[in-house]
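Below is the file input_19.pdb, which contains PDB, C-alpha atoms.
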ATOM      1  CA  MET A1177       0.000   0.000   0.000
ATOM      2  CA  LEU A1178       2.796   2.420   0.892
ATOM      3  CA  ALA A1179       4.754   1.591  -2.253
ATOM      4  CA  ILE A1180       1.675   2.168  -4.444
ATOM      5  CA  THR A1181       0.925   5.470  -2.703
ATOM      6  CA  LEU A1182       4.505   6.714  -2.969
ATOM      7  CA  ARG A1183       4.703   5.798  -6.651
ATOM      8  CA  PHE A1184       1.420   7.622  -7.249
ATOM      9  CA  HIS A1185       3.022  10.739  -5.743
ATOM     10  CA  GLY A1186       6.020  10.495  -8.077
ATOM     11  CA  PHE A1187       8.570   8.582  -6.001
ATOM     12  CA  SER A1188      10.660   5.750  -7.380
ATOM     13  CA  VAL A1189      10.280   2.909  -4.867
ATOM     14  CA  VAL A1190      12.084  -0.350  -4.169
ATOM     15  CA  CYS A1191      11.003  -2.703  -1.372
ATOM     16  CA  ALA A1192      12.889  -5.058   0.942
ATOM     17  CA  GLY A1193      11.343  -7.635   3.255
ATOM     18  CA  SER A1194      14.223  -8.196   5.659
ATOM     19  CA  ALA A1195      17.099  -6.400   7.351
ATOM     20  CA  ARG A1196      19.706  -8.102   5.176
ATOM     21  CA  ALA A1197      17.815  -7.352   1.985
ATOM     22  CA  ALA A1198      17.330  -3.754   3.065
ATOM     23  CA  VAL A1199      21.070  -3.164   3.522
ATOM     24  CA  GLU A1200      21.932  -4.856   0.214
ATOM     25  CA  LEU A1201      19.227  -2.996  -1.690
ATOM     26  CA  ALA A1202      20.175   0.365  -0.191
ATOM     27  CA  ARG A1203      23.787  -0.189  -1.246
ATOM     28  CA  GLU A1204      22.711  -1.101  -4.761
ATOM     29  CA  ALA A1205      19.925   1.432  -5.370
ATOM     30  CA  ARG A1206      21.403   4.302  -3.287
ATOM     31  CA  PRO A1207      18.003   5.836  -2.436
ATOM     32  CA  ASP A1208      17.504   9.385  -1.189
ATOM     33  CA  ALA A1209      15.434   8.131   1.749
ATOM     34  CA  VAL A1210      14.736   4.884   3.571
ATOM     35  CA  LEU A1211      11.368   4.164   5.210
ATOM     36  CA  LEU A1212      12.297   1.645   7.874
ATOM     37  CA  ASP A1213      10.381  -0.596  10.270
ATOM     38  CA  ILE A1214      12.051  -1.731  13.501
ATOM     39  CA  ALA A1215      10.562  -5.233  13.775
ATOM     40  CA  LEU A1216      12.039  -7.016  10.748
ATOM     41  CA  PRO A1217      11.879 -10.800  10.211
ATOM     42  CA  ASP A1218      15.634 -11.319  10.579
ATOM     43  CA  GLY A1219      16.717  -8.452  12.817
ATOM     44  CA  ASP A1220      16.232  -4.972  14.222
ATOM     45  CA  GLY A1221      15.650  -2.041  11.899
ATOM     46  CA  ARG A1222      17.684   0.174  14.216
ATOM     47  CA  HIS A1223      20.741  -1.934  13.368
ATOM     48  CA  VAL A1224      19.982  -1.354   9.684
ATOM     49  CA  CYS A1225      19.900   2.384  10.403
ATOM     50  CA  ARG A1226      23.313   2.240  12.101
ATOM     51  CA  VAL A1227      24.833   0.336   9.169
ATOM     52  CA  LEU A1228      23.403   2.644   6.514
ATOM     53  CA  ARG A1229      24.245   5.792   8.471
ATOM     54  CA  ALA A1230      27.874   4.654   8.822
ATOM     55  CA  GLU A1231      28.106   4.249   5.048
ATOM     56  CA  ARG A1232      26.099   7.312   3.939
ATOM     57  CA  ALA A1233      25.756  10.342   6.173
ATOM     58  CA  ASP A1234      23.461  12.043   3.624
ATOM     59  CA  LEU A1235      20.851   9.260   3.620
ATOM     60  CA  ALA A1236      17.472  10.254   5.067
ATOM     61  CA  VAL A1237      16.012   7.633   7.430
ATOM     62  CA  VAL A1238      12.377   7.661   8.542
ATOM     63  CA  PHE A1239      11.256   5.052  11.062
ATOM     64  CA  LEU A1240       7.714   3.742  10.562
ATOM     65  CA  THR A1241       6.865   1.378  13.393
ATOM     66  CA  ALA A1242       4.324   0.273  15.962
ATOM     67  CA  ARG A1243       6.785   0.941  18.783
ATOM     68  CA  ASP A1244       5.446   4.206  20.149
ATOM     69  CA  ALA A1245       6.997   4.310  23.631
ATOM     70  CA  PRO A1246       8.918   7.562  24.252
ATOM     71  CA  ALA A1247      12.115   5.574  24.899
ATOM     72  CA  ASP A1248      11.801   3.872  21.482
ATOM     73  CA  ILE A1249      11.265   7.219  19.745
ATOM     74  CA  VAL A1250      14.254   8.808  21.477
ATOM     75  CA  ARG A1251      16.462   5.832  20.676
ATOM     76  CA  GLY A1252      15.418   5.822  17.027
ATOM     77  CA  LEU A1253      16.202   9.518  16.610
ATOM     78  CA  ALA A1254      19.462   9.187  18.537
ATOM     79  CA  LEU A1255      20.615   6.469  16.133
ATOM     80  CA  GLY A1256      20.310   8.899  13.244
ATOM     81  CA  GLY A1257      16.656   8.760  12.269
ATOM     82  CA  ASP A1258      15.396  11.966  10.675
ATOM     83  CA  ASP A1259      11.787  11.300  11.684
ATOM     84  CA  TYR A1260       9.754   8.685  13.558
ATOM     85  CA  ILE A1261       6.184   7.820  12.553
ATOM     86  CA  THR A1262       4.105   5.432  14.635
ATOM     87  CA  LYS A1263       1.395   3.027  13.517
ATOM     88  CA  PRO A1264      -1.455   3.369  12.803
ATOM     89  CA  PHE A1265      -0.665   6.116  10.330
ATOM     90  CA  ASN A1266      -2.255   8.147   7.556
ATOM     91  CA  VAL A1267      -0.511   7.485   4.226
ATOM     92  CA  ASP A1268      -0.864  11.112   3.154
ATOM     93  CA  GLU A1269       0.950  12.185   6.332
ATOM     94  CA  VAL A1270       3.741   9.703   5.572
ATOM     95  CA  VAL A1271       4.131  11.205   2.096
ATOM     96  CA  ALA A1272       4.183  14.735   3.508
ATOM     97  CA  ARG A1273       6.772  13.892   6.138
ATOM     98  CA  ILE A1274       9.039  12.098   3.666
ATOM     99  CA  ARG A1275       8.949  15.184   1.471
ATOM    100  CA  ALA A1276       9.738  17.347   4.488
ATOM    101  CA  VAL A1277      12.727  15.185   5.392
ATOM    102  CA  LEU A1278      14.030  15.289   1.817
ATOM    103  CA  ARG A1279      13.714  19.076   1.674
ATOM    104  CA  ARG A1280      15.759  19.253   4.851
ATOM    105  CA  THR A1281      18.409  16.680   3.941
ATOM    106  CA  ARG A1282      18.766  17.264   0.196
ATOM    107  CA  PRO A1283      18.647  21.017  -0.547
ATOM    108  CA  PRO A1284      18.769  22.018  -4.221
ATOM    109  CA  GLY A1285      22.256  22.158  -5.682
ATOM    110  CA  PRO A1286      23.960  25.484  -6.455
ATOM    111  CA  ASP A1287      23.688  27.167  -9.823
ATOM    112  CA  PRO A1288      27.159  26.807 -11.449
ATOM    113  CA  ASP A1289      26.690  30.111 -13.285
ATOM    114  CA  ALA A1290      25.705  32.087 -10.205
ATOM    115  CA  PRO A1291      28.298  34.164  -8.338
ATOM    116  CA  PRO A1292      29.465  32.712  -5.032
ATOM    117  CA  PRO A1293      27.122  33.715  -2.211
ATOM    118  CA  PRO A1294      28.436  36.057   0.478
ATOM    119  CA  ARG A1295      29.709  34.410   3.624
ATOM    120  CA  PRO A1296      26.871  34.294   6.158
ATOM    121  CA  PRO A1297      27.455  36.239   9.354
ATOM    122  CA  VAL A1298      28.339  34.584  12.643
ATOM    123  CA  LEU A1299      25.267  34.508  14.900
ATOM    124  CA  ARG A1300      25.835  35.334  18.568
ATOM    125  CA  HIS A1301      23.826  34.965  21.744
ATOM    126  CA  GLY A1302      25.670  35.703  24.951
ATOM    127  CA  ASP A1303      28.779  33.500  25.081
ATOM    128  CA  MET A1304      27.629  31.357  22.134
ATOM    129  CA  GLU A1305      28.631  31.712  18.467
ATOM    130  CA  LEU A1306      27.092  29.931  15.467
ATOM    131  CA  ASP A1307      29.144  30.023  12.280
ATOM    132  CA  GLU A1308      26.721  29.349   9.426
ATOM    133  CA  ALA A1309      29.548  28.974   6.908
ATOM    134  CA  THR A1310      31.180  26.057   8.729
ATOM    135  CA  TYR A1311      28.184  24.812  10.751
ATOM    136  CA  THR A1312      30.194  25.049  13.955
ATOM    137  CA  VAL A1313      29.067  26.152  17.403
ATOM    138  CA  ARG A1314      31.226  27.486  20.196
ATOM    139  CA  ARG A1315      30.155  28.410  23.696
ATOM    140  CA  GLY A1316      32.459  29.996  26.199
ATOM    141  CA  GLY A1317      35.333  29.333  23.794
ATOM    142  CA  ARG A1318      34.601  25.597  23.632
ATOM    143  CA  SER A1319      33.171  23.731  20.661
ATOM    144  CA  ALA A1320      29.852  21.869  20.698
ATOM    145  CA  ASP A1321      29.515  19.027  18.206
ATOM    146  CA  LEU A1322      25.992  19.342  16.750
ATOM    147  CA  THR A1323      24.253  17.357  14.029
ATOM    148  CA  PRO A1324      22.809  19.327  11.062
ATOM    149  CA  THR A1325      19.288  19.129  12.525
ATOM    150  CA  GLU A1326      20.472  20.239  15.959
ATOM    151  CA  PHE A1327      22.326  23.150  14.356
ATOM    152  CA  ALA A1328      19.234  24.159  12.342
ATOM    153  CA  LEU A1329      17.056  24.095  15.458
ATOM    154  CA  LEU A1330      19.526  26.123  17.519
ATOM    155  CA  ARG A1331      19.984  28.620  14.681
ATOM    156  CA  HIS A1332      16.221  29.156  14.516
ATOM    157  CA  LEU A1333      16.065  29.786  18.261
ATOM    158  CA  VAL A1334      18.953  32.264  18.062
ATOM    159  CA  ARG A1335      17.327  34.123  15.187
ATOM    160  CA  HIS A1336      14.172  34.457  17.315
ATOM    161  CA  ALA A1337      15.936  34.912  20.642
ATOM    162  CA  ASP A1338      13.578  37.677  21.721
ATOM    163  CA  ARG A1339      10.534  35.413  22.002
ATOM    164  CA  ILE A1340       9.176  31.921  22.614
ATOM    165  CA  VAL A1341       8.905  30.000  19.325
ATOM    166  CA  PRO A1342       5.794  27.769  19.155
ATOM    167  CA  LYS A1343       6.381  24.075  18.565
ATOM    168  CA  GLU A1344       4.205  24.215  15.433
ATOM    169  CA  GLN A1345       6.462  26.907  13.953
ATOM    170  CA  LEU A1346       9.567  24.830  14.671
ATOM    171  CA  LEU A1347       8.026  21.820  12.939
ATOM    172  CA  ARG A1348       7.180  24.011   9.956
ATOM    173  CA  ASP A1349      10.400  26.030   9.684
ATOM    174  CA  VAL A1350      13.052  23.544  10.859
ATOM    175  CA  TRP A1351      11.526  20.177   9.927
ATOM    176  CA  ARG A1352       9.626  21.578   6.906
ATOM    177  CA  TYR A1353       6.309  19.965   7.808
ATOM    178  CA  GLU A1354       3.651  21.530   5.609
ATOM    179  CA  GLN A1355       0.728  20.320   7.738
ATOM    180  CA  PRO A1356       0.362  20.218  11.536
ATOM    181  CA  VAL A1357       1.381  16.799  12.914
ATOM    182  CA  GLU A1358       1.622  15.207  16.317
ATOM    183  CA  SER A1359       5.314  14.590  16.889
ATOM    184  CA  THR A1360       7.743  14.435  19.807
ATOM    185  CA  VAL A1361      10.689  15.217  17.551
ATOM    186  CA  VAL A1362      10.986  18.819  18.824
ATOM    187  CA  GLU A1363      11.097  17.781  22.472
ATOM    188  CA  THR A1364      13.669  15.114  21.671
ATOM    189  CA  TYR A1365      16.014  17.488  19.856
ATOM    190  CA  ILE A1366      15.638  20.155  22.530
ATOM    191  CA  SER A1367      16.870  17.544  25.033
ATOM    192  CA  TYR A1368      19.845  16.800  22.740
ATOM    193  CA  LEU A1369      20.765  20.499  22.614
ATOM    194  CA  ARG A1370      20.533  20.851  26.389
ATOM    195  CA  ARG A1371      22.710  17.776  26.850
ATOM    196  CA  LYS A1372      25.416  19.275  24.616
ATOM    197  CA  LEU A1373      25.211  22.983  25.525
ATOM    198  CA  ASP A1374      24.426  23.083  29.248
ATOM    199  CA  PRO A1375      27.777  21.545  30.320
ATOM    200  CA  LEU A1376      29.485  24.524  28.626
ATOM    201  CA  GLY A1377      27.668  27.234  30.610
ATOM    202  CA  PRO A1378      24.440  28.203  32.380
ATOM    203  CA  PRO A1379      21.188  26.604  31.114
ATOM    204  CA  LEU A1380      20.423  28.210  27.765
ATOM    205  CA  ILE A1381      17.047  26.967  26.511
ATOM    206  CA  ARG A1382      13.803  27.779  28.280
ATOM    207  CA  THR A1383      10.481  25.951  27.946
ATOM    208  CA  ARG A1384       7.048  27.555  27.942
ATOM    209  CA  ARG A1385       4.780  24.582  28.587
ATOM    210  CA  GLY A1386       2.035  24.206  26.054
ATOM    211  CA  VAL A1387       3.617  26.845  23.798
ATOM    212  CA  GLY A1388       7.195  26.228  22.718
ATOM    213  CA  TYR A1389      10.844  27.048  23.355
ATOM    214  CA  GLY A1390      13.177  30.026  23.447
ATOM    215  CA  LEU A1391      16.557  31.194  24.711
ATOM    216  CA  ARG A1392      17.155  32.733  28.089
ATOM    217  CA  PRO A1393      17.924  36.474  27.966
ATOM    218  CA  VAL A1394      21.570  37.465  27.926
ATOM    219  CA  GLU A1395      22.669  38.706  31.339
ATOM    220  CA  PRO A1396      24.100  42.242  31.226
ATOM    221  CA  VAL A1397      27.839  42.457  31.851
TER     222      VAL A1397
END
Could you take the file, read its structure, and then write that structure out as structure tokens?
Amino acid sequence: MLAITLRFHGFSVVCAGSARAAVELAREARPDAVLLDIALPDGDGRHVCRVLRAERADLAVVFLTARDAPADIVRGLALGGDDYITKPFNVDEVVARIRAVLRRTRPPGPDPDAPPPPRPPVLRHGDMELDEATYTVRRGGRSADLTPTEFALLRHLVRHADRIVPKEQLLRDVWRYEQPVESTVVETYISYLRRKLDPLGPPLIRTRRGVGYGLRPVEPV
């Protein structure tokens, strides 16, 4: 059903019925995205994700599984999943979220005839610097190793540091979801940022329950 729906929407689709077949087919077909279940007949889909991620950092991985416990979702995203959809699901939502992941992971290539773009400025918030040219983050003079999605989320918060950003806006602007969806992906990535940034200085991200997230005001010197 998913393959038929995806083909109807213009995707080229290949299917695998086992973990081993999935790895072999991904190596052969080199897809832009993998839609991956966890409970496979001969193994764990999370192991497939680890294998494919180690070989191709640019591969988009979307988990589609009945395992909806928060710990399973966090683990799936921590292993390198770009999104996590739980069963039962709406096929149109799956299509929309795959497109959103691909927009985020495979931006359009540069025009070879266009002049080189100017170097983006370094964003600053208190003792933190975000270099958009090198995708590096430093806080208090020390580097923080962020994934591309973590960097994009932090950059959005810095650009809107004067307010609380609603979760729905983050899903739309960072994850490129065109329609409102129920997802814990924002909460999960906020926890990743806190885990990496808070050891380098005072707590940085604030939560407004039921609304969204923002950055704490910079203390005057």
Quiz prompt | Residues matched by the PyMOL selection byres ((chain A and resi 1213) around 12), written as a PyMOL selection string | solution = chain A and resi 1191-1195+1198+1210-1212+1214-1225+1237-1243+1252+1257+1260-1263
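Look at A:Ala1236: the protein and nucleic acid residues within 9 Å of it, using all atoms listed in the file and passing over chain neighbours fewer than 5 places away, are Pro1207, Asp1208, Ala1209, Val1210, Leu1211, Arg1229, Gly1256, Gly1257, Asp1258, Asp1259, Ile1274, Val1277, Leu1278, Thr1281 and Arg1282 of chain A.
We find atom CA of A:Arg1206 and atom CA of A:Phe1187 to be spaced 13.8 Å apart.
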Self-check item: Near-A:Leu1380 list (10 Å; only C-alpha atoms; drop same-chain fewer than 6 positions) as a ChimeraX atom specification
Solution: /A:1301-1302,1304,1369-1370,1373-1374,1390-1394
Exercise. Fewer than 2 positions away in the same chain doesn't count, so skip those; otherwise give me all residues within 8 Å of A:Leu1376, counting only C-alpha atoms, as a PyMOL selection string.
Key: chain A and resi 1315-1316+1318+1372-1374+1378
Please dump the current selection as a PDB file, in the frame of the given file; keep C-alpha atoms.
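Contents of result-v7.pdb, as written:
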ATOM      1  CA  ARG A1315      30.155  28.410  23.696  1.00  0.00           C
ATOM      2  CA  GLY A1316      32.459  29.996  26.199  1.00  0.00           C
ATOM      3  CA  ARG A1318      34.601  25.597  23.632  1.00  0.00           C
ATOM      4  CA  LYS A1372      25.416  19.275  24.616  1.00  0.00           C
ATOM      5  CA  LEU A1373      25.211  22.983  25.525  1.00  0.00           C
ATOM      6  CA  ASP A1374      24.426  23.083  29.248  1.00  0.00           C
ATOM      7  CA  PRO A1378      24.440  28.203  32.380  1.00  0.00           C
TER       8      PRO A1378
END
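A distance cut-off of 9 Å around (26.5, 30.3, 7.7), counting only C-alpha atoms, selects these protein and nucleic acid residues: Arg1295, Pro1296, Pro1297, Val1298, Leu1299, Leu1306, Asp1307, Glu1308, Ala1309, Thr1310, Tyr1311 and Thr1312 of chain A.
Minimum distance to A:Ile1381 across A:Pro1342, A:Leu1330, A:Ser1188, A:Glu1395 (counting all atoms listed in the file) occurs at A:Leu1330.
Closest approach to A:Phe1184 among A:Val1271, A:Ala1205, A:Val1362, A:Leu1346: A:Val1271, based on only C-alpha atoms.
Atom CA of A:Arg1382 lies 27.1 Å from atom CA of A:Arg1273.
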Practice problem: With a distance cut-off of 7 Å and only C-alpha atoms, select the neighbouring residues of A:Ala1276, excluding the residue or stretch itself and same-chain residues fewer than 3 positions from it, and output the selection as a PyMOL selection string. | Solution: chain A and resi 1272-1273+1279-1280+1351-1353
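Remark: for A:Glu1344, the closest of the candidate residues A:Ala1233, A:Val1189, A:Val1387, A:Ala1247 is A:Val1387 (distances computed over only C-alpha atoms).
What separates atom CA of A:Leu1182 from atom CA of A:Gln1345 is a distance of 26.4 Å.
Shortest separation to A:Ala1320 among A:Val1250, A:His1332, A:Val1350, A:Pro1375 occurs at residue A:Pro1375, atoms counted being only C-alpha atoms.
Shortest separation to A:Thr1360 among A:Val1270, A:Leu1253, A:Leu1322, A:Val1313 occurs at residue A:Leu1253, atoms counted being all atoms listed in the file.
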Quiz item: Using all atoms listed in the file, which residue out of A:Ala1337, A:Gly1386, A:Ala1328, A:Leu1255 lies closest to A:Ile1366?
Solution: A:Ala1328
